[in-house]
2 protein chains.
Amino acid sequence: MKLWRSTTRSICLQVALVILIGTIVDAAAESGLCESTGSDGICKGGARETLFVDGAKLQEQIDELAGFSDTPAPTVTRILYTPNDVAARRYVKTLMSEAGLSVREDAIGNIFGRWEGSDPSLPAVGSGSHTDAIPYAGKYDGVLGVLGAIEAIRALQRVNFQPKRAIEAVMFTSEEPTRFGFGCLGSRAMAKSGEIFDILRASKDANNVSFVEAARSAGYGDVEEKLESSGLGHEVYSAFVELHIEQGPLLEKEGIPIGVVTAIAAPASLKVGFKGDGGHAGALLMPDRNDAGLAGAELALAVEEHVLASGSVDTVGTTGVLEIHPGAVNSVPREARLEIDVRDIDEARRDKVVAGIRASAESIAKKRNVRITNFEVVNQDPPAKSGEKIVEAAKQAAESLGLEYKLMISRAYHDSLFMARITPMGMIFVPCFKGYSHRPDEFASVEDMTKGVQVLALTLSQLSSA
Amino acid sequence: MKLWRSTTRSICLQVALVILIGTIVDAAAESGLCESTGSDGICKGGARETLFVDGAKLQEQIDELAGFSDTPAPTVTRILYTPNDVAARRYVKTLMSEAGLSVREDAIGNIFGRWEGSDPSLPAVGSGSHTDAIPYAGKYDGVLGVLGAIEAIRALQRVNFQPKRAIEAVMFTSEEPTRFGFGCLGSRAMAKSGEIFDILRASKDANNVSFVEAARSAGYGDVEEKLESSGLGHEVYSAFVELHIEQGPLLEKEGIPIGVVTAIAAPASLKVGFKGDGGHAGALLMPDRNDAGLAGAELALAVEEHVLASGSVDTVGTTGVLEIHPGAVNSVPREARLEIDVRDIDEARRDKVVAGIRASAESIAKKRNVRITNFEVVNQDPPAKSGEKIVEAAKQAAESLGLEYKLMISRAYHDSLFMARITPMGMIFVPCFKGYSHRPDEFASVEDMTKGVQVLALTLSQLSSA
């Protein structure tokens, strides 16, 4: 039954694609860009030209946006609702307006640039990402997905493509957790995830500035009254597509220009605390110690063991925070505080690792006679599978452009993970240097970004016509 | 030969002790404090009264001194040359004067209260410790040894004891490493240890205040010109005894009131740094990682393994500092910084552990493909054996007072470690609550402290008469 459904669907998609590409090609032909059109309706030879993407302009915009930073180039630091974040928002809204899009912002600063479709009553197709950046990061993470969506729309406009469904370029508020300790604020709000509105109302940053005060200072004056209005229903979007650098090494290593994401890994994060008695590093004999620091060190290594024991390359786990107190060379550590991140595309397999970590924490505490003062599962979001129609559209877009692609998992998580809760979602990856991200030497070539925007444009054209 | 020497010496000591205790007892008898005197010349029954130590007064003084703190009670924070350190110094000098001692200070603020002997030409007997305290510490560490020495002198004065050699109560400058990063400033200077004077001249604190400026601000105006004059020769002291809380759990656990220290463990401290490439906690696959944090965790556990492998309870090792960077839950640690402390009474055994740690650091770095950015041996001081005559005097003092004692190692290090370089040295320990030290709940009972001062007094009386 299911097989039958997916088969018919993919047949429909192929038919749809033919029509769509046809549309573009006809438009292109009118604009004299197409050499010849095959029986399949796909433009031959000049296919690439049928979707001219201005890579040089895109790179200029990325570089200009990188200038809005709290730290000097090549680092980029752009924290939610700070003056540089506000400046970046203004810049994005300007680009949207210049592309003829109608711009609106919601109560927390999610920004939408709408290219109206021939049937405004239909759910729209969304595409976008974020522009905030953690301290001392790079200039491509998120930014490519925002500026790329605008350029993809421009590319479609150049060939006089007319969408049936509206296409919206989206800039999400604060994908990074920097200021308030948890990420994807904008997309969680749009998807009305969990207790997000209560959490936002209660959140304060490290300087005790509340989320509401911070949003007001950035010009979102009615954030408190209208907070819930940033939540969207299932009727708003028919599809959402996010273009992003891979943040991993696979595409570069394999020399493949396009990644089509089939699922976003399910992240879980834990906070663990151990407490012992501490004591003098010289006077306290080894048998009399209950060293919380060593308990923490053992757990960090146990995290790695449990992850490797899963046997799947899709399972990753990291102890990114390991603090010991008092942290003096002549004191036996009295406390250890760990923050652990575990991800997998298979929720059950990830949860098995989390359970293993809990068991290790207990056995380590018992063995070392330390107390577990905290074992908190901060978040344990479900993974998201990409919408089949979006994966198909992206695959066929790449094929029609003669670009090799790879079906892959997104192990980093993105706003699309939350968008998946209100609409079918998909992601398109482009290679980045050594897979580096969240560092100043994060880099993607103009050629690769251009190809990514081309695939995004064709994907949007298809989805907006279905 | 050696056996013969030590035998004759202990015979001499016993004879000496009989005479000494006799002296005290006669004095006590005159002062009507002794019930009866045995053939051995030791006061029976009233023996404890022959050496009345005012424990209540001592406790009052300890509590009053604890008031000079940068942090609220019960914590004590007293940093070198700060107003509270200066106030504590003034208080100690006042107590010395009230005890009729002639007070002098050297160029860096080591304080001496001298009770002149009948033969002022003889080297003196010294006893003391420190009054500085690390942040949020307790009120007994060091303080007992300073105020206890003054009270021991008072106890001897009460029974009209007349020393042949002068007895000096000593307060050392900054035993704790808090302000300038290395400890025992005062005793290192007195022993002219290594390049201490050059080091002091070059030292700056975290606020870039130089040691010389800091000392001047505390009233030591000629510190720079007269720095070297704080160094002493071997002719100044014939013996040095330090009374201290154990800072370990053994005496309390075994219910023994007095510890006679036979050696001070040899401390070594190391700084180690690892560096990897870091990366995104979600995107970077396990096989592609070189996690510096896990390298640090492994080394911390290796320190413990090497220490336990020594097979001796006298070997201790601690990773008191383990910092990882960037320290974000979604980042694979790029750097780890460790500070490691290793101690043993056997220098060769300790150095074997240090060598093992170095080997482990190299193999871990190789296995995890991280770089060792630093492997620094910060200090590697030799251990100190107590002077035999002092151990004997302390043992017999305890015996004569009917107090059980335990021969033990000091695994914490003290100013006596450096005094050992210019005079025979010994230490007397009293039990402290759970062995806690460097924390606000550090505690020693009045009863135990009183017994410790009694033993110190008898030991000083013996050494000052020899």
# chains A, B, ... in the order shown; residues from 1 in each chain; ligands from 1
$ interface_residues --of "chain A" --to "chain B" --cutoff "7 Å" --atoms "only C-alpha atoms" --output "NGL selection string"
:A and (247-248 or 279-286 or 294 or 297 or 300-301 or 313 or 316 or 318-324 or 327-333 or 339-341 or 343 or 411-412 or 436-438)
$ write_last_selection --atoms "N, CA, C and O atoms" --output "short mmCIF file (atom, residue, chain, number, x, y, z; two decimals), in the first residue's frame"
data_model
loop_
_atom_site.label_atom_id
_atom_site.label_comp_id
_atom_site.auth_asym_id
_atom_site.auth_seq_id
_atom_site.Cartn_x
_atom_site.Cartn_y
_atom_site.Cartn_z
N GLN A 247 28.98 21.57 6.83
CA GLN A 247 29.53 21.52 8.20
C GLN A 247 30.10 20.15 8.51
O GLN A 247 30.25 19.77 9.67
N GLY A 248 30.41 19.40 7.48
CA GLY A 248 31.05 18.10 7.61
C GLY A 248 31.94 17.91 6.40
O GLY A 248 31.85 18.68 5.43
N GLY A 279 39.65 17.99 48.92
CA GLY A 279 40.72 17.82 49.92
C GLY A 279 42.05 18.30 49.37
O GLY A 279 42.14 18.79 48.25
N HIS A 280 43.07 18.15 50.20
CA HIS A 280 44.40 18.66 49.86
C HIS A 280 45.13 17.66 48.96
O HIS A 280 45.21 16.48 49.28
N ALA A 281 45.64 18.17 47.83
CA ALA A 281 46.26 17.29 46.83
C ALA A 281 47.48 16.56 47.37
O ALA A 281 47.86 15.51 46.85
N GLY A 282 48.09 17.10 48.42
CA GLY A 282 49.26 16.42 48.98
C GLY A 282 48.89 15.49 50.11
O GLY A 282 49.44 14.40 50.26
N ALA A 283 47.93 15.92 50.92
CA ALA A 283 47.67 15.23 52.19
C ALA A 283 46.69 14.07 52.07
O ALA A 283 46.76 13.12 52.84
N LEU A 284 45.78 14.17 51.12
CA LEU A 284 44.73 13.16 51.05
C LEU A 284 45.25 11.93 50.30
O LEU A 284 45.61 12.01 49.12
N LEU A 285 45.30 10.78 50.99
CA LEU A 285 45.83 9.56 50.38
C LEU A 285 44.91 9.07 49.27
O LEU A 285 43.70 9.28 49.32
N MET A 286 45.46 8.39 48.30
CA MET A 286 44.66 7.92 47.16
C MET A 286 43.46 7.07 47.59
O MET A 286 42.36 7.27 47.07
N LEU A 294 38.00 13.11 38.29
CA LEU A 294 38.28 11.84 37.60
C LEU A 294 36.98 11.14 37.20
O LEU A 294 36.91 10.49 36.16
N ALA A 297 36.09 12.81 34.07
CA ALA A 297 36.96 12.36 32.98
C ALA A 297 36.52 10.98 32.49
O ALA A 297 36.43 10.73 31.28
N ALA A 300 33.33 11.28 30.39
CA ALA A 300 33.60 11.81 29.05
C ALA A 300 34.09 10.69 28.13
O ALA A 300 33.66 10.58 26.98
N LEU A 301 34.96 9.83 28.66
CA LEU A 301 35.46 8.71 27.86
C LEU A 301 34.37 7.66 27.64
O LEU A 301 34.30 7.03 26.58
N VAL A 313 28.04 4.90 11.93
CA VAL A 313 28.77 6.15 11.73
C VAL A 313 27.83 7.35 11.94
O VAL A 313 28.27 8.48 12.12
N VAL A 316 26.91 10.20 16.84
CA VAL A 316 28.02 11.02 17.34
C VAL A 316 27.70 11.48 18.76
O VAL A 316 26.54 11.66 19.12
N THR A 318 29.56 13.95 22.12
CA THR A 318 30.61 14.89 22.46
C THR A 318 30.43 15.39 23.89
O THR A 318 29.32 15.71 24.29
N THR A 319 31.52 15.42 24.65
CA THR A 319 31.51 16.14 25.92
C THR A 319 32.18 17.48 25.66
O THR A 319 33.40 17.59 25.67
N GLY A 320 31.38 18.47 25.36
CA GLY A 320 31.91 19.78 24.96
C GLY A 320 32.24 20.66 26.15
O GLY A 320 33.01 21.61 26.05
N VAL A 321 31.62 20.33 27.31
CA VAL A 321 31.88 21.09 28.53
C VAL A 321 32.30 20.11 29.62
O VAL A 321 31.62 19.11 29.86
N LEU A 322 33.46 20.37 30.22
CA LEU A 322 33.92 19.58 31.38
C LEU A 322 34.64 20.56 32.30
O LEU A 322 35.75 20.97 32.03
N GLU A 323 33.92 20.99 33.35
CA GLU A 323 34.50 21.96 34.30
C GLU A 323 34.71 21.27 35.64
O GLU A 323 33.85 20.52 36.10
N ILE A 324 35.88 21.49 36.25
CA ILE A 324 36.10 20.94 37.58
C ILE A 324 36.38 22.06 38.58
O ILE A 324 36.96 23.09 38.23
N GLY A 327 39.39 23.66 41.01
CA GLY A 327 40.26 23.95 39.87
C GLY A 327 41.58 24.58 40.30
O GLY A 327 42.04 25.53 39.70
N ALA A 328 42.16 24.03 41.39
CA ALA A 328 43.47 24.49 41.85
C ALA A 328 44.42 23.29 41.84
O ALA A 328 44.01 22.17 42.15
N VAL A 329 45.67 23.55 41.47
CA VAL A 329 46.62 22.44 41.29
C VAL A 329 46.81 21.66 42.58
O VAL A 329 47.07 20.46 42.56
N ASN A 330 46.62 22.32 43.75
CA ASN A 330 46.86 21.61 45.01
C ASN A 330 45.55 21.18 45.69
O ASN A 330 45.53 20.95 46.90
N SER A 331 44.48 21.10 44.93
CA SER A 331 43.20 20.63 45.48
C SER A 331 42.66 19.44 44.70
O SER A 331 42.62 19.47 43.47
N VAL A 332 42.24 18.41 45.42
CA VAL A 332 41.54 17.29 44.78
C VAL A 332 40.17 17.82 44.32
O VAL A 332 39.44 18.41 45.13
N PRO A 333 39.84 17.67 43.02
CA PRO A 333 38.57 18.22 42.52
C PRO A 333 37.36 17.74 43.34
O PRO A 333 37.20 16.56 43.59
N GLU A 339 28.67 18.88 30.08
CA GLU A 339 27.58 19.02 29.13
C GLU A 339 27.89 18.13 27.94
O GLU A 339 28.97 18.19 27.36
N ILE A 340 26.93 17.25 27.64
CA ILE A 340 27.13 16.18 26.67
C ILE A 340 26.10 16.29 25.55
O ILE A 340 24.93 16.58 25.81
N ASP A 341 26.55 16.08 24.33
CA ASP A 341 25.69 16.20 23.15
C ASP A 341 25.74 14.85 22.41
O ASP A 341 26.81 14.35 22.12
N ARG A 343 23.88 12.67 19.10
CA ARG A 343 22.98 12.80 17.95
C ARG A 343 22.98 11.54 17.12
O ARG A 343 23.96 10.81 17.05
N ARG A 411 23.94 16.00 10.30
CA ARG A 411 24.23 15.68 11.70
C ARG A 411 24.19 16.94 12.56
O ARG A 411 23.92 16.89 13.75
N ALA A 412 24.47 18.06 11.92
CA ALA A 412 24.23 19.32 12.62
C ALA A 412 22.73 19.51 12.61
O ALA A 412 22.05 18.99 11.74
N TYR A 436 34.97 22.32 8.12
CA TYR A 436 35.06 23.26 9.23
C TYR A 436 33.81 24.13 9.33
O TYR A 436 33.27 24.59 8.32
N SER A 437 33.35 24.36 10.57
CA SER A 437 32.27 25.30 10.80
C SER A 437 32.42 25.85 12.21
O SER A 437 33.17 25.29 13.02
N HIS A 438 31.73 26.95 12.51
CA HIS A 438 31.87 27.59 13.82
C HIS A 438 33.32 27.97 14.07
O HIS A 438 33.78 27.94 15.21
#
$ residues_around --residues "Lys352 in chain A" --least-positions-apart "5" --cutoff "9 Å" --atoms "only C-alpha atoms" --output "NGL selection string"
:A and (306 or 310 or 347 or 357)
$ select_by_dssp --residues "range 339-461 of chain B" --states "strand (DSSP E or B)" --output "ChimeraX atom specification"
/B:339-344,371-380,384-385,405-410,425-430
$ select_by_dssp --residues "range 136-377 of chain B" --states "alpha helix (DSSP H)" --output "ChimeraX atom specification"
/B:143-158,185-190,196-202,211-217,223-226,250-254,292-309,347-368
$ residues_around --residues "range 122-126 of chain B" --least-positions-apart "4" --cutoff "7 Å" --atoms "only C-alpha atoms" --output "VMD selection string"
chain B and resid 165 to 170 235 to 241 463 to 464
$ residues_around --residues "range 216-228 of chain B" --least-positions-apart "6" --cutoff "6 Å" --atoms "only C-alpha atoms" --output "list in words"
Tyr81, Ala107 and Ile108 of chain B
$ closest_residue --among "B:Val159, B:Leu101, B:Ala457, B:Ile245" --to "Phe429 in chain B" --atoms "only C-alpha atoms"
B:Ile245
$ atom_distance --atom1 "CA of Arg337 in chain B" --atom2 "CA of Phe418 in chain B"
29.2 Å
